[in-house]
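*Asks:* data.tsv is reproduced in full below (TSV, C-alpha atoms).
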```tsv
chain	number	residue	atom	x	y	z
A	1	MET	CA	0.00	0.00	0.00
A	2	SER	CA	1.48	3.32	-0.96
A	3	VAL	CA	0.09	6.84	-0.47
A	4	THR	CA	1.96	9.90	-1.71
A	5	VAL	CA	0.91	13.55	-1.49
A	6	GLN	CA	3.33	15.61	-3.54
A	7	THR	CA	3.83	18.93	-5.30
A	8	ASP	CA	5.97	17.41	-8.07
A	9	VAL	CA	4.51	16.68	-11.49
A	10	PHE	CA	4.35	12.92	-12.14
A	11	ASP	CA	3.89	10.65	-15.14
A	12	ALA	CA	0.89	8.36	-14.65
A	13	GLY	CA	2.27	5.87	-17.18
A	14	ASP	CA	5.49	5.51	-15.23
A	15	ALA	CA	3.53	5.17	-11.98
A	16	LEU	CA	1.42	2.38	-13.48
A	17	SER	CA	4.47	0.55	-14.89
A	18	ALA	CA	6.25	0.66	-11.54
A	19	PHE	CA	3.11	-0.52	-9.73
A	20	SER	CA	2.53	-3.42	-12.15
A	21	ARG	CA	6.17	-4.53	-12.01
A	22	SER	CA	5.98	-4.74	-8.21
A	23	LEU	CA	3.13	-7.29	-8.42
A	24	PRO	CA	4.22	-10.54	-10.04
A	25	ASP	CA	1.13	-12.43	-8.80
A	26	ALA	CA	-1.73	-9.99	-9.46
A	27	GLY	CA	-4.59	-11.30	-11.58
A	28	GLY	CA	-5.62	-7.81	-12.59
A	29	VAL	CA	-4.57	-4.20	-12.26
A	30	VAL	CA	-6.87	-1.19	-12.70
A	31	SER	CA	-5.72	2.42	-12.72
A	32	PHE	CA	-7.39	5.82	-12.91
A	33	THR	CA	-5.69	9.14	-13.61
A	34	GLY	CA	-7.48	12.42	-12.93
A	35	ILE	CA	-6.24	15.22	-15.19
A	36	ALA	CA	-6.71	18.97	-14.79
A	37	ARG	CA	-9.18	20.10	-17.45
A	38	ARG	CA	-8.69	23.13	-19.62
A	39	ASP	CA	-12.43	23.86	-19.81
A	40	ASP	CA	-12.00	25.96	-22.96
A	41	GLY	CA	-9.52	28.26	-21.26
A	42	ARG	CA	-11.73	28.89	-18.22
A	43	THR	CA	-9.18	27.11	-16.04
A	44	GLN	CA	-5.65	28.47	-16.22
A	45	MET	CA	-4.44	26.81	-13.06
A	46	LEU	CA	-5.69	24.70	-10.18
A	47	GLU	CA	-4.30	25.14	-6.73
A	48	LEU	CA	-4.67	22.25	-4.30
A	49	GLU	CA	-4.13	22.45	-0.60
A	50	ALA	CA	-3.82	19.63	1.93
A	51	TYR	CA	-3.52	19.56	5.73
A	52	PRO	CA	-0.09	18.00	6.29
A	53	GLY	CA	-0.15	15.28	8.93
A	54	PHE	CA	-3.93	14.90	8.55
A	55	THR	CA	-4.48	14.34	4.84
A	56	GLU	CA	-2.00	11.44	4.42
A	57	PRO	CA	-3.31	9.36	7.37
A	58	TRP	CA	-6.87	10.01	6.17
A	59	ILE	CA	-6.04	8.53	2.74
A	60	GLU	CA	-4.17	5.62	4.36
A	61	THR	CA	-7.29	4.76	6.39
A	62	LEU	CA	-9.39	4.93	3.22
A	63	VAL	CA	-6.93	2.68	1.38
A	64	GLU	CA	-7.05	0.17	4.22
A	65	GLU	CA	-10.85	0.14	4.07
A	66	ALA	CA	-10.76	-0.43	0.30
A	67	ARG	CA	-8.15	-3.17	0.64
A	68	ALA	CA	-10.24	-5.09	3.15
A	69	ARG	CA	-13.58	-4.53	1.41
A	70	PHE	CA	-12.47	-5.50	-2.11
A	71	SER	CA	-9.72	-8.01	-1.23
A	72	LEU	CA	-7.10	-5.89	-2.93
A	73	SER	CA	-3.56	-7.20	-2.90
A	74	ALA	CA	-2.00	-3.78	-3.52
A	75	VAL	CA	-3.02	-0.12	-3.82
A	76	LYS	CA	-1.13	2.95	-4.93
A	77	VAL	CA	-2.42	6.52	-4.56
A	78	ILE	CA	-0.62	9.67	-5.71
A	79	HIS	CA	-2.27	13.05	-5.10
A	80	ARG	CA	-0.81	16.37	-6.19
A	81	ILE	CA	-0.94	19.56	-4.15
A	82	GLY	CA	0.20	23.09	-5.00
A	83	PRO	CA	-0.21	24.69	-8.44
A	84	ILE	CA	-1.40	22.34	-11.21
A	85	LEU	CA	-1.62	23.28	-14.87
A	86	PRO	CA	-4.23	22.03	-17.36
A	87	GLY	CA	-3.18	18.68	-18.79
A	88	GLU	CA	-1.23	17.65	-15.70
A	89	ALA	CA	-2.25	14.67	-13.60
A	90	ILE	CA	-3.87	15.58	-10.27
A	91	VAL	CA	-4.58	12.13	-8.90
A	92	PHE	CA	-3.55	8.56	-9.68
A	93	VAL	CA	-5.13	5.46	-8.18
A	94	ALA	CA	-4.09	1.89	-8.98
A	95	THR	CA	-5.48	-1.31	-7.49
A	96	ALA	CA	-4.44	-4.92	-7.87
A	97	ALA	CA	-6.52	-7.98	-7.08
A	98	SER	CA	-6.84	-11.62	-8.03
A	99	HIS	CA	-9.90	-10.86	-10.16
A	100	ARG	CA	-10.99	-7.89	-12.25
A	101	ARG	CA	-14.23	-7.00	-10.43
A	102	GLU	CA	-12.46	-6.30	-7.14
A	103	ALA	CA	-9.77	-4.23	-8.85
A	104	PHE	CA	-12.36	-2.13	-10.76
A	105	GLU	CA	-14.59	-1.61	-7.74
A	106	GLY	CA	-11.69	-0.83	-5.43
A	107	ALA	CA	-10.43	1.92	-7.74
A	108	ASP	CA	-13.96	3.29	-8.19
A	109	PHE	CA	-14.55	3.33	-4.41
A	110	LEU	CA	-11.24	5.10	-3.78
A	111	MET	CA	-11.87	7.78	-6.40
A	112	ASP	CA	-15.43	8.51	-5.22
A	113	HIS	CA	-14.12	9.09	-1.71
A	114	LEU	CA	-11.06	11.07	-2.76
A	115	LYS	CA	-13.28	13.35	-4.84
A	116	SER	CA	-15.63	14.57	-2.11
A	117	ARG	CA	-14.37	13.33	1.26
A	118	ALA	CA	-10.58	13.55	1.26
A	119	PRO	CA	-9.06	16.58	3.03
A	120	PHE	CA	-8.07	18.65	0.01
A	121	TRP	CA	-9.19	22.13	-1.01
A	122	LYS	CA	-9.16	23.15	-4.62
A	123	LYS	CA	-9.04	26.65	-6.07
A	124	GLU	CA	-9.59	27.31	-9.75
A	125	HIS	CA	-7.78	30.25	-11.33
A	126	GLY	CA	-9.29	31.57	-14.57
A	127	PRO	CA	-9.47	34.74	-16.62
A	128	ASP	CA	-12.15	36.14	-14.28
A	129	GLY	CA	-10.26	35.46	-11.06
A	130	ALA	CA	-10.09	32.60	-8.61
A	131	ARG	CA	-12.76	30.56	-6.85
A	132	TRP	CA	-12.83	27.65	-4.44
A	133	ILE	CA	-14.41	24.51	-5.85
A	134	GLU	CA	-16.79	22.42	-3.76
A	135	PRO	CA	-17.91	18.94	-4.71
A	136	ARG	CA	-20.88	18.83	-7.07
A	137	GLN	CA	-24.14	17.22	-6.00
A	138	ALA	CA	-23.26	14.37	-8.37
A	139	ASP	CA	-20.04	13.75	-6.43
A	140	TYR	CA	-21.96	13.38	-3.16
A	141	GLN	CA	-24.50	11.20	-5.00
A	142	ASP	CA	-21.68	8.92	-6.17
A	143	LEU	CA	-20.73	8.25	-2.55
A	144	THR	CA	-24.13	6.79	-1.75
A	145	ARG	CA	-23.36	3.90	-4.11
A	146	TRP	CA	-21.00	2.54	-1.48
A	147	THR	CA	-23.32	2.82	1.51
A	148	ALA	CA	-26.23	0.94	-0.09
A	149	ALA	CA	-26.68	-2.68	0.92
A	150	GLN	CA	-24.07	-4.90	-0.64
A	151	PRO	CA	-25.33	-7.71	-2.86
A	152	PRO	CA	-24.23	-11.17	-1.70
A	153	ARG	CA	-21.05	-12.31	-3.37
B	1	MET	CA	-3.91	28.48	24.33
B	2	ALA	CA	-4.99	27.07	21.02
B	3	ARG	CA	-3.28	27.20	17.66
B	4	VAL	CA	-6.01	27.74	15.08
B	5	LEU	CA	-5.53	26.75	11.44
B	6	LEU	CA	-7.80	27.76	8.58
B	7	PHE	CA	-8.02	26.08	5.18
B	8	GLY	CA	-9.46	26.84	1.77
B	9	ALA	CA	-12.13	29.51	1.50
B	10	LEU	CA	-12.07	30.11	5.28
B	11	ARG	CA	-8.45	31.25	5.08
B	12	ASP	CA	-9.19	33.66	2.23
B	13	LEU	CA	-12.17	35.05	4.13
B	14	ALA	CA	-10.19	35.60	7.33
B	15	GLY	CA	-7.03	36.80	5.62
B	16	TRP	CA	-4.87	34.60	7.88
B	17	ARG	CA	-3.79	30.97	7.94
B	18	GLU	CA	-2.76	30.50	11.54
B	19	GLN	CA	-3.33	32.29	14.79
B	20	PHE	CA	-2.90	31.64	18.51
B	21	PHE	CA	-5.79	32.19	20.91
B	22	GLU	CA	-4.84	32.64	24.57
B	23	GLY	CA	-6.87	31.44	27.51
B	24	VAL	CA	-9.43	29.30	25.71
B	25	SER	CA	-10.45	26.20	27.67
B	26	ASP	CA	-12.69	24.48	25.14
B	27	LEU	CA	-14.07	24.74	21.60
B	28	THR	CA	-17.12	26.74	22.68
B	29	ASP	CA	-14.83	29.21	24.40
B	30	LEU	CA	-12.67	29.44	21.28
B	31	ARG	CA	-15.68	29.97	19.04
B	32	SER	CA	-16.92	32.86	21.18
B	33	ASP	CA	-13.45	34.45	21.09
B	34	ILE	CA	-13.43	34.12	17.31
B	35	ALA	CA	-16.97	35.58	17.15
B	36	ARG	CA	-15.85	38.59	19.19
B	37	LEU	CA	-12.74	39.26	17.09
B	38	TYR	CA	-13.83	38.03	13.65
B	39	PRO	CA	-17.65	37.98	13.44
B	40	GLU	CA	-17.70	37.26	9.70
B	41	LEU	CA	-15.33	34.31	10.08
B	42	ALA	CA	-17.32	32.97	13.04
B	43	GLU	CA	-20.45	32.92	10.90
B	44	ALA	CA	-18.64	31.02	8.14
B	45	LEU	CA	-17.29	28.51	10.68
B	46	GLY	CA	-20.88	27.62	11.53
B	47	GLY	CA	-21.74	27.16	7.85
B	48	PRO	CA	-22.77	23.91	6.16
B	49	GLY	CA	-20.09	21.29	5.78
B	50	VAL	CA	-17.43	22.96	7.94
B	51	GLN	CA	-15.70	20.31	10.04
B	52	VAL	CA	-13.41	20.74	13.03
B	53	ALA	CA	-10.27	18.75	13.81
B	54	VAL	CA	-8.53	18.95	17.18
B	55	ASP	CA	-4.97	17.64	17.16
B	56	LYS	CA	-5.62	16.19	13.71
B	57	ALA	CA	-8.71	14.17	14.69
B	58	LEU	CA	-12.22	15.17	13.55
B	59	VAL	CA	-14.51	16.11	16.43
B	60	ARG	CA	-18.17	17.05	16.85
B	61	GLY	CA	-19.66	19.34	19.46
B	62	ASN	CA	-17.63	20.77	22.31
B	63	LEU	CA	-14.28	19.49	23.53
B	64	ALA	CA	-11.80	20.63	26.19
B	65	LEU	CA	-8.62	22.03	24.66
B	66	SER	CA	-5.16	21.31	26.04
B	67	ALA	CA	-2.61	24.11	26.28
B	68	GLN	CA	-0.97	23.02	23.02
B	69	ALA	CA	-4.15	22.13	21.15
B	70	GLU	CA	-4.19	22.52	17.38
B	71	VAL	CA	-7.66	23.36	16.10
B	72	ALA	CA	-8.28	23.20	12.36
B	73	PHE	CA	-11.43	24.46	10.66
B	74	LEU	CA	-12.01	22.51	7.46
B	75	PRO	CA	-14.45	23.78	4.80
B	76	PRO	CA	-16.10	21.32	2.38
B	77	MET	CA	-13.38	19.17	0.85
B	78	SER	CA	-12.71	18.50	-2.80
B	79	GLY	CA	-9.90	16.33	-4.12
B	80	GLY	CA	-8.81	14.90	-7.47
```
Kindly present the structure from the file in structure tokens form.

*Replies:*
Amino acid sequence: MSVTVQTDVFDAGDALSAFSRSLPDAGGVVSFTGIARRDDGRTQMLELEAYPGFTEPWIETLVEEARARFSLSAVKVIHRIGPILPGEAIVFVATAASHRREAFEGADFLMDHLKSRAPFWKKEHGPDGARWIEPRQADYQDLTRWTAAQPPR
Amino acid sequence: MARVLLFGALRDLAGWREQFFEGVSDLTDLRSDIARLYPELAEALGGPGVQVAVDKALVRGNLALSAQAEVAFLPPMSGG
């Protein structure tokens, strides 16, 4: 399990290659990369803020929950903070499991929670100034998928 | 004494990131000090979705504060 919160730009392809190489016995690997959108020039820069010493343990607890719930054999999370330009990766999540369903669902679960629950604050800088972004209603709605009764496996 | 940290929109509203409050014994006490000094911030701290962490653990309601307590006010969060 690996959680990194960093200001440095990273290459999601390299992150996935390194993750996959570290897992000789995985049956399946799923990854998701969130990329800063350009939004037709409305976004010139994103600025992400974390609470050092609080954000990392929060993500580690989330990763542990995902690992147990979806029988994941490995998880990697990278989250950027600081200034982020359009086209750059903001977040990377990779999961490994014996079977594809667990790997897909684990990554989906992690992203839904990172999007609207993880301790990050996001400011969008555009031609008309800057504004803080709050999760959309749809983001909160996505979370409810994971609290509904689980079908028997 | 409590070390108060503000994040996101709360920090922009207040115009400061960190401040020490002397002689506050609990969160309620701290909130009334903030209300006296920064009424606009105090109102925002009571807004929807603002969470409070004391010594990096989320808390609800009132809580006694140690002399070195770190109190963080966390507006609605948005990652990735």

*Asks:* Could you write out as a ChimeraX atom specification the residues of chain A within 12 Å of chain B, counting all atoms listed in the file?

*Replies:* /A:5,32-37,46-59,77-81,84,88-93,110-124,130-137,139-140

*Asks:* Just want the 12 Å neighbourhood of B:Arg3, counted on all atoms listed in the file, with same-chain residues fewer than 3 positions away dropped. Output as a ChimeraX atom specification.

*Replies:* /B:6,17-24,27,30,53-56,65-73

*Asks:* Write the residues of the selection above to a file with C-alpha atoms, as a short mmCIF file (atom, residue, chain, number, x, y, z; two decimals), in the coordinates of the input.

*Replies:*
```
data_model
loop_
_atom_site.label_atom_id
_atom_site.label_comp_id
_atom_site.auth_asym_id
_atom_site.auth_seq_id
_atom_site.Cartn_x
_atom_site.Cartn_y
_atom_site.Cartn_z
CA LEU B 6 -7.80 27.76 8.58
CA ARG B 17 -3.79 30.97 7.94
CA GLU B 18 -2.76 30.50 11.54
CA GLN B 19 -3.33 32.29 14.79
CA PHE B 20 -2.90 31.64 18.51
CA PHE B 21 -5.79 32.19 20.91
CA GLU B 22 -4.84 32.64 24.57
CA GLY B 23 -6.87 31.44 27.51
CA VAL B 24 -9.43 29.30 25.71
CA LEU B 27 -14.07 24.74 21.60
CA LEU B 30 -12.67 29.44 21.28
CA ALA B 53 -10.27 18.75 13.81
CA VAL B 54 -8.53 18.95 17.18
CA ASP B 55 -4.97 17.64 17.16
CA LYS B 56 -5.62 16.19 13.71
CA LEU B 65 -8.62 22.03 24.66
CA SER B 66 -5.16 21.31 26.04
CA ALA B 67 -2.61 24.11 26.28
CA GLN B 68 -0.97 23.02 23.02
CA ALA B 69 -4.15 22.13 21.15
CA GLU B 70 -4.19 22.52 17.38
CA VAL B 71 -7.66 23.36 16.10
CA ALA B 72 -8.28 23.20 12.36
CA PHE B 73 -11.43 24.46 10.66
#
```

*Asks:* Work out how far apart atom CA of A:Gly87 and atom CA of B:Arg11 are and give it in Å to one decimal.

*Replies:*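 Separation between atom CA of A:Gly87 and atom CA of B:Arg11: 27.5 Å.
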
*Asks:* In Å, with one decimal, what is the gap from atom CA of A:Ser2 to atom CA of A:Thr144?

*Replies:*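 Atom CA of A:Ser2 sits 25.9 Å away from atom CA of A:Thr144.
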
*Asks:* Taking only C-alpha atoms into account, which of A:Phe109, A:Pro83, A:Gly27, A:Gly129 comes nearest A:Arg69?

*Replies:*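 For A:Arg69, the nearest of the candidates is A:Phe109.
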
*Asks:* Between atom CA of A:Ser31 and atom CA of A:Arg145, what is the spacing in Å?

*Replies:*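 Here the two named atoms are 19.7 Å from each other.
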
*Asks:* Taking into account all atoms listed in the file, which residue in the set A:Leu16, A:Thr7, A:Ser71, A:Arg42 is nearest to A:Glu105?

*Replies:* A:Ser71

*Asks:* Show which residues sit within 10 Å of A:Phe19, as an MDAnalysis selection string. Count all atoms listed in the file, and ignore same-chain residues fewer than 5 positions away.

*Replies:* chainID A and resid 2 13:14 29 31 74:76 94:96
